[in-house]
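Beneath this line is the structure, given in structure tokens, with notes to follow.
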Amino acid sequence: MTEQLRLMAVHAHPDDESSKGAATMAKYVSEGVDVLVATCTGGERGSILNPKLQGDPYVEEHIHEVRRKEMDEAREILGVRQEWLGFVDSGLPEGDPLPPLPEGCFALQDVEKAAEPLVRLIRSFRPQVITTYDENGGYPHPDHIMTHKITMVAFEAAGDPDRYPEAGEPWQPKKLYYNQGFNRQRTEALHNAMLERGLESPYGEWLKRWTEFERLERTITTFVPCADFFEIRDKALIAHATQIDPDGGWFRVPMDLQQEVWPTEEYELAKSLVDTSLPEDDLFAGIRNN
């Protein structure tokens, strides 16, 4: 049944697909699963986070086109398909008090209307499994929270012929997961392993400030073994050159240590219309043999 398995990952910006669940997607692609990334915005208001490209006039002036090309490269590396939902990046507001969000941005859209293009994509692609962010967005970026909102609406509506009747033939996905790769268990395990090797850990400050992240501890239900695909994940992430410094903290933990100490990517099963036993090691558990 592998040829019939389809996975959709719904993300807010180009680069999110490479930092959240990328090794999982590459693993499933290697098994013949059809994987589609739905990208809600173009990342137009994203800051240039790679110091090597900061101040580059071409990049600054053409950030939308540059990020689209980065997404094309990452998509090829991961072996996935990708579609744009067409919304405009909201940016990450900073300051106290926070400034208002820009007019017309993704986070200010009506949720029911904004879910329509995702419903349409679900009905055309027909995934059994969808992954996205939890209600906090993974971290409280307005576009991540909005991505969660429209995905929840679309998951419920896609199979209902009375909702969005112009958006294609109904299709009901079977399972919905939240990405939970940035979890305390993983962070502590890698931090301790680095110290045991006599290496400087990039996670010390993270752990000290964990409670400041406004994140409740989540229930991780699913650990997908995908260590063989961590290198592909990193290549895809580096393809987003405006967002990722290849010499930065993302890559300070040696690959062999990651693969040995924490060889999985983690998810929280949010909705399931099939029977499954927890914990799982497969997003398609309960689906493969039905």
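Labels for the structure tokens follow display order: chains A, B, ..., residues from 1 in each chain, ligands from 1.
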Expected answer as a PyMOL selection string: strand (DSSP E or B) residues in region 185-278 of chain A: chain A and resi 222-225+264-272
Nearby residues (only C-alpha atoms) at most 8 Å from region 108-124 of chain A, same-chain spacing under 2 positions excluded, as a ChimeraX atom specification: /A:38,85,101,103-106,126-127,146,149-151,153-155,157-158,164,167-171
Proximity to Asp275 (chain A) - best of A:Leu257, A:Lys175, A:Pro202, A:His144, only C-alpha atoms: A:Lys175
Among listed residues A:Pro254, A:Gly138, A:Glu217, A:Ile130, nearest Asp234 (chain A) (using only C-alpha atoms): A:Pro254
Quick one: which region 36-77 of chain A residues come within 7 Å of region 4-18 of chain A, and what is the nearest atom pair for each with the distance in Å to one decimal, counting only C-alpha atoms, rows ordered by chain and ascending number, as a Markdown table?
```
| residue | atom | partner | partner_atom | distance |
| --- | --- | --- | --- | --- |
| A:Leu36 | CA | A:Met8 | CA | 4.8 |
| A:Val37 | CA | A:Ala9 | CA | 4.8 |
| A:Ala38 | CA | A:Val10 | CA | 4.7 |
| A:Thr39 | CA | A:His11 | CA | 5.0 |
| A:Cys40 | CA | A:Ala12 | CA | 4.9 |
| A:Thr41 | CA | A:His13 | CA | 5.3 |
| A:Gly42 | CA | A:His13 | CA | 6.1 |
| A:Gly43 | CA | A:His13 | CA | 5.2 |
| A:Arg67 | CA | A:Pro14 | CA | 6.8 |
| A:Met71 | CA | A:Pro14 | CA | 5.7 |
```
Picked from region 63-284 of chain A by DSSP as helix (DSSP H, G or I), as a PyMOL selection string: chain A and resi 63-78+106-108+111-114+116-125+142-157+184-196+204-208+210-213+227-239+249-251+255-261
Could you give me, as a tab-separated table, a per-residue list for region 42-95 of chain A showing, wherever an atom lies at most 9 Å from an atom of region 239-242 of chain A, the closest pair of atoms and their distance in Å to one decimal, using only C-alpha atoms and sorting by chain then residue number from low to high?
```
residue	atom	partner	partner_atom	distance
A:Gly46	CA	A:Thr242	CA	9.0
A:Ser47	CA	A:Thr242	CA	8.0
A:Ile48	CA	A:Thr242	CA	5.1
A:Leu49	CA	A:Thr242	CA	6.0
A:Asn50	CA	A:Thr242	CA	5.4
A:Pro51	CA	A:Thr242	CA	8.6
A:Lys52	CA	A:Thr242	CA	8.6
A:Leu53	CA	A:Thr242	CA	6.5
A:Gln54	CA	A:Thr242	CA	8.2
A:Val59	CA	A:Thr242	CA	8.1
A:Ile63	CA	A:Thr242	CA	8.6
A:Val66	CA	A:Thr242	CA	8.2
A:Arg67	CA	A:His240	CA	7.1
A:Lys69	CA	A:His240	CA	8.7
A:Glu70	CA	A:His240	CA	5.0
A:Met71	CA	A:His240	CA	6.9
A:Asp72	CA	A:Ala239	CA	8.9
A:Glu73	CA	A:Ala239	CA	6.2
A:Ala74	CA	A:Ala239	CA	5.6
A:Ile77	CA	A:Ala239	CA	8.7
```
Using all heavy atoms, can you export the residues from the last selection as a short mmCIF file (atom, residue, chain, number, x, y, z; two decimals), in the first residue's frame?
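See result_18.cif below for the written result:
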```cif
data_model
loop_
_atom_site.label_atom_id
_atom_site.label_comp_id
_atom_site.auth_asym_id
_atom_site.auth_seq_id
_atom_site.Cartn_x
_atom_site.Cartn_y
_atom_site.Cartn_z
N GLY A 46 10.28 38.20 6.53
CA GLY A 46 11.28 37.56 7.37
C GLY A 46 12.58 38.35 7.38
O GLY A 46 13.00 38.91 6.36
N SER A 47 13.21 38.41 8.52
CA SER A 47 14.51 39.08 8.63
C SER A 47 15.59 38.22 7.97
O SER A 47 15.46 37.00 7.86
CB SER A 47 14.87 39.29 10.10
OG SER A 47 13.90 40.07 10.75
N ILE A 48 16.65 38.87 7.51
CA ILE A 48 17.81 38.13 6.99
C ILE A 48 18.65 37.76 8.19
O ILE A 48 19.30 38.61 8.81
CB ILE A 48 18.59 38.99 5.98
CG1 ILE A 48 17.69 39.31 4.79
CG2 ILE A 48 19.84 38.24 5.52
CD1 ILE A 48 18.29 40.30 3.81
N LEU A 49 18.61 36.47 8.56
CA LEU A 49 19.22 36.01 9.80
C LEU A 49 20.66 35.54 9.63
O LEU A 49 21.38 35.37 10.61
CB LEU A 49 18.37 34.89 10.41
CG LEU A 49 16.91 35.27 10.70
CD1 LEU A 49 16.14 34.07 11.23
CD2 LEU A 49 16.85 36.42 11.70
N ASN A 50 21.07 35.31 8.39
CA ASN A 50 22.43 34.87 8.12
C ASN A 50 23.32 36.11 8.03
O ASN A 50 23.17 36.92 7.11
CB ASN A 50 22.48 34.08 6.81
CG ASN A 50 23.85 33.51 6.51
OD1 ASN A 50 24.85 33.87 7.13
ND2 ASN A 50 23.91 32.61 5.54
N PRO A 51 24.26 36.29 8.97
CA PRO A 51 25.08 37.51 8.96
C PRO A 51 25.87 37.69 7.67
O PRO A 51 26.21 38.81 7.30
CB PRO A 51 26.00 37.34 10.17
CG PRO A 51 25.95 35.89 10.52
CD PRO A 51 24.61 35.39 10.10
N LYS A 52 26.13 36.59 6.97
CA LYS A 52 26.90 36.69 5.73
C LYS A 52 26.11 37.38 4.62
O LYS A 52 26.70 37.85 3.63
CB LYS A 52 27.33 35.29 5.29
CG LYS A 52 28.24 34.58 6.27
CD LYS A 52 28.56 33.17 5.81
CE LYS A 52 29.44 32.44 6.82
NZ LYS A 52 28.76 32.19 8.10
N LEU A 53 24.79 37.42 4.74
CA LEU A 53 23.96 38.04 3.70
C LEU A 53 23.31 39.34 4.15
O LEU A 53 22.66 40.02 3.36
CB LEU A 53 22.86 37.05 3.26
CG LEU A 53 23.35 35.79 2.55
CD1 LEU A 53 22.18 34.89 2.19
CD2 LEU A 53 24.14 36.14 1.29
N GLN A 54 23.48 39.68 5.41
CA GLN A 54 22.91 40.92 5.90
C GLN A 54 23.59 42.10 5.21
O GLN A 54 24.81 42.13 5.06
CB GLN A 54 23.06 41.02 7.42
CG GLN A 54 22.15 40.06 8.16
CD GLN A 54 22.47 39.96 9.65
OE1 GLN A 54 23.45 40.49 10.13
NE2 GLN A 54 21.63 39.23 10.37
N VAL A 59 19.58 40.97 -2.07
CA VAL A 59 18.77 40.10 -1.22
C VAL A 59 17.68 40.91 -0.52
O VAL A 59 16.52 40.52 -0.47
CB VAL A 59 19.65 39.35 -0.21
CG1 VAL A 59 18.80 38.60 0.80
CG2 VAL A 59 20.59 38.38 -0.92
N ILE A 63 13.73 39.98 -1.52
CA ILE A 63 13.64 38.89 -0.54
C ILE A 63 12.58 37.86 -0.91
O ILE A 63 12.78 36.66 -0.70
CB ILE A 63 13.38 39.47 0.88
CG1 ILE A 63 13.48 38.38 1.94
CG2 ILE A 63 12.05 40.21 0.95
CD1 ILE A 63 14.85 37.78 2.10
N VAL A 66 14.06 35.68 -3.64
CA VAL A 66 15.18 34.91 -3.09
C VAL A 66 14.66 33.75 -2.25
O VAL A 66 15.12 32.60 -2.37
CB VAL A 66 16.10 35.82 -2.25
CG1 VAL A 66 17.12 34.98 -1.47
CG2 VAL A 66 16.83 36.81 -3.15
N ARG A 67 13.67 34.02 -1.40
CA ARG A 67 13.15 32.95 -0.54
C ARG A 67 12.40 31.90 -1.35
O ARG A 67 12.39 30.72 -0.99
CB ARG A 67 12.27 33.54 0.56
CG ARG A 67 13.06 34.42 1.51
CD ARG A 67 12.37 34.64 2.83
NE ARG A 67 12.37 33.42 3.65
CZ ARG A 67 11.84 33.35 4.86
NH1 ARG A 67 11.25 34.41 5.39
NH2 ARG A 67 11.88 32.23 5.55
N LYS A 69 13.28 30.94 -4.38
CA LYS A 69 14.34 30.10 -4.95
C LYS A 69 14.93 29.18 -3.88
O LYS A 69 15.26 28.01 -4.17
CB LYS A 69 15.43 30.97 -5.57
CG LYS A 69 15.00 31.67 -6.85
CD LYS A 69 16.11 32.56 -7.40
CE LYS A 69 15.66 33.27 -8.67
NZ LYS A 69 16.69 34.21 -9.17
N GLU A 70 15.09 29.69 -2.66
CA GLU A 70 15.59 28.83 -1.58
C GLU A 70 14.63 27.67 -1.34
O GLU A 70 15.07 26.53 -1.11
CB GLU A 70 15.75 29.67 -0.30
CG GLU A 70 16.86 30.69 -0.38
CD GLU A 70 16.90 31.63 0.83
OE1 GLU A 70 15.94 31.63 1.64
OE2 GLU A 70 17.89 32.37 0.97
N MET A 71 13.34 27.95 -1.39
CA MET A 71 12.35 26.89 -1.19
C MET A 71 12.45 25.85 -2.30
O MET A 71 12.35 24.65 -2.04
CB MET A 71 10.96 27.51 -1.16
CG MET A 71 9.82 26.52 -0.91
SD MET A 71 9.80 25.83 0.76
CE MET A 71 10.14 24.11 0.39
N ASP A 72 12.65 26.30 -3.53
CA ASP A 72 12.81 25.36 -4.64
C ASP A 72 13.98 24.41 -4.40
O ASP A 72 13.88 23.20 -4.64
CB ASP A 72 13.04 26.11 -5.96
CG ASP A 72 11.79 26.82 -6.47
OD1 ASP A 72 10.68 26.50 -6.00
OD2 ASP A 72 11.94 27.70 -7.33
N GLU A 73 15.08 24.97 -3.91
CA GLU A 73 16.27 24.14 -3.67
C GLU A 73 16.02 23.16 -2.53
O GLU A 73 16.36 21.97 -2.64
CB GLU A 73 17.47 25.02 -3.35
CG GLU A 73 18.77 24.24 -3.22
CD GLU A 73 19.97 25.14 -2.98
OE1 GLU A 73 19.87 26.36 -3.19
OE2 GLU A 73 21.03 24.59 -2.58
N ALA A 74 15.42 23.63 -1.45
CA ALA A 74 15.13 22.74 -0.32
C ALA A 74 14.16 21.63 -0.72
O ALA A 74 14.32 20.47 -0.31
CB ALA A 74 14.56 23.54 0.84
N ILE A 77 16.04 18.93 -2.52
CA ILE A 77 16.88 18.16 -1.61
C ILE A 77 16.03 17.14 -0.84
O ILE A 77 16.43 15.97 -0.68
CB ILE A 77 17.61 19.10 -0.63
CG1 ILE A 77 18.67 19.92 -1.40
CG2 ILE A 77 18.27 18.32 0.51
CD1 ILE A 77 19.23 21.10 -0.61
#
```
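Residues in contact range of region 229-231 of chain A, defined as at most 10 Å between only C-alpha atoms, with sequence neighbours fewer than 4 positions away removed, read A:Ala22, A:Ala23, A:Thr24, A:Met25, A:Ala26, A:Lys27, A:Ser30, A:Leu78, A:Pro225, A:Lys235, A:Ala236, A:Leu237, A:Met255, A:Asp256, A:Gln258, A:Gln259, A:Pro263, A:Thr264, A:Glu265.
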Computed interatomic separation between CA of Arg233 (chain A) and CA of Gln180 (chain A) (Å): 15.9 Å
Quick one: everything within 8 Å of Glu280 (chain A), counting only C-alpha atoms, minus sequence neighbours fewer than 3 positions away in the same chain. Send it as a PDB file with N, CA and C atoms, in the first residue's frame.
```pdb
ATOM      1  N   THR A 221       3.615  11.801  21.470  1.00  0.00           N
ATOM      2  CA  THR A 221       3.015  10.478  21.257  1.00  0.00           C
ATOM      3  C   THR A 221       3.771   9.643  20.242  1.00  0.00           C
ATOM      4  N   THR A 222       4.588  10.297  19.403  1.00  0.00           N
ATOM      5  CA  THR A 222       5.102   9.615  18.227  1.00  0.00           C
ATOM      6  C   THR A 222       6.562   9.989  18.001  1.00  0.00           C
ATOM      7  N   PHE A 223       7.410   8.973  17.948  1.00  0.00           N
ATOM      8  CA  PHE A 223       8.845   9.147  17.748  1.00  0.00           C
ATOM      9  C   PHE A 223       9.215   8.444  16.441  1.00  0.00           C
ATOM     10  N   VAL A 224       9.483   9.212  15.394  1.00  0.00           N
ATOM     11  CA  VAL A 224       9.756   8.629  14.083  1.00  0.00           C
ATOM     12  C   VAL A 224      11.267   8.453  13.915  1.00  0.00           C
ATOM     13  N   THR A 276      -5.024   3.340  16.958  1.00  0.00           N
ATOM     14  CA  THR A 276      -3.568   3.252  17.012  1.00  0.00           C
ATOM     15  C   THR A 276      -3.154   3.092  18.463  1.00  0.00           C
ATOM     16  N   SER A 277      -1.987   2.536  18.676  1.00  0.00           N
ATOM     17  CA  SER A 277      -1.461   2.339  20.031  1.00  0.00           C
ATOM     18  C   SER A 277      -0.333   3.325  20.272  1.00  0.00           C
ATOM     19  N   LEU A 283       3.951   7.719  11.511  1.00  0.00           N
ATOM     20  CA  LEU A 283       2.794   8.602  11.350  1.00  0.00           C
ATOM     21  C   LEU A 283       1.621   7.889  10.686  1.00  0.00           C
ATOM     22  N   ALA A 285       0.743   4.756  11.379  1.00  0.00           N
ATOM     23  CA  ALA A 285       0.272   3.664  12.223  1.00  0.00           C
ATOM     24  C   ALA A 285      -1.251   3.678  12.257  1.00  0.00           C
TER      25      ALA A 285
END
```
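Nearest residue to Gln185 (chain A) among A:Phe284, A:Asp228, A:Arg252, A:Leu207 is A:Leu207, counting only C-alpha atoms.
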Shell of 10 Å around Trp250 (chain A), only C-alpha atoms, local chain residues under 3 positions omitted, as a ChimeraX atom specification: /A:19,202,234,237-238,244-247,253
Output of the above residues as a PDB file, in the first residue's frame, restricted to C-alpha atoms:
```pdb
ATOM      1  CA  SER A  19      13.597  22.920  10.489  1.00  0.00           C
ATOM      2  CA  PRO A 202      24.506  25.276  22.402  1.00  0.00           C
ATOM      3  CA  ASP A 234      20.603  19.887   7.330  1.00  0.00           C
ATOM      4  CA  LEU A 237      17.966  23.873   5.990  1.00  0.00           C
ATOM      5  CA  ILE A 238      21.218  25.359   4.659  1.00  0.00           C
ATOM      6  CA  ILE A 244      20.318  29.967   8.350  1.00  0.00           C
ATOM      7  CA  ASP A 245      23.973  30.584   9.140  1.00  0.00           C
ATOM      8  CA  PRO A 246      25.790  27.343   8.259  1.00  0.00           C
ATOM      9  CA  ASP A 247      28.286  28.181  11.007  1.00  0.00           C
ATOM     10  CA  VAL A 253      26.066  19.220  17.688  1.00  0.00           C
TER      11      VAL A 253
END
```
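Interatomic distance, CA of Trp262 (chain A) to CA of Asp282 (chain A): 16.1 Å.
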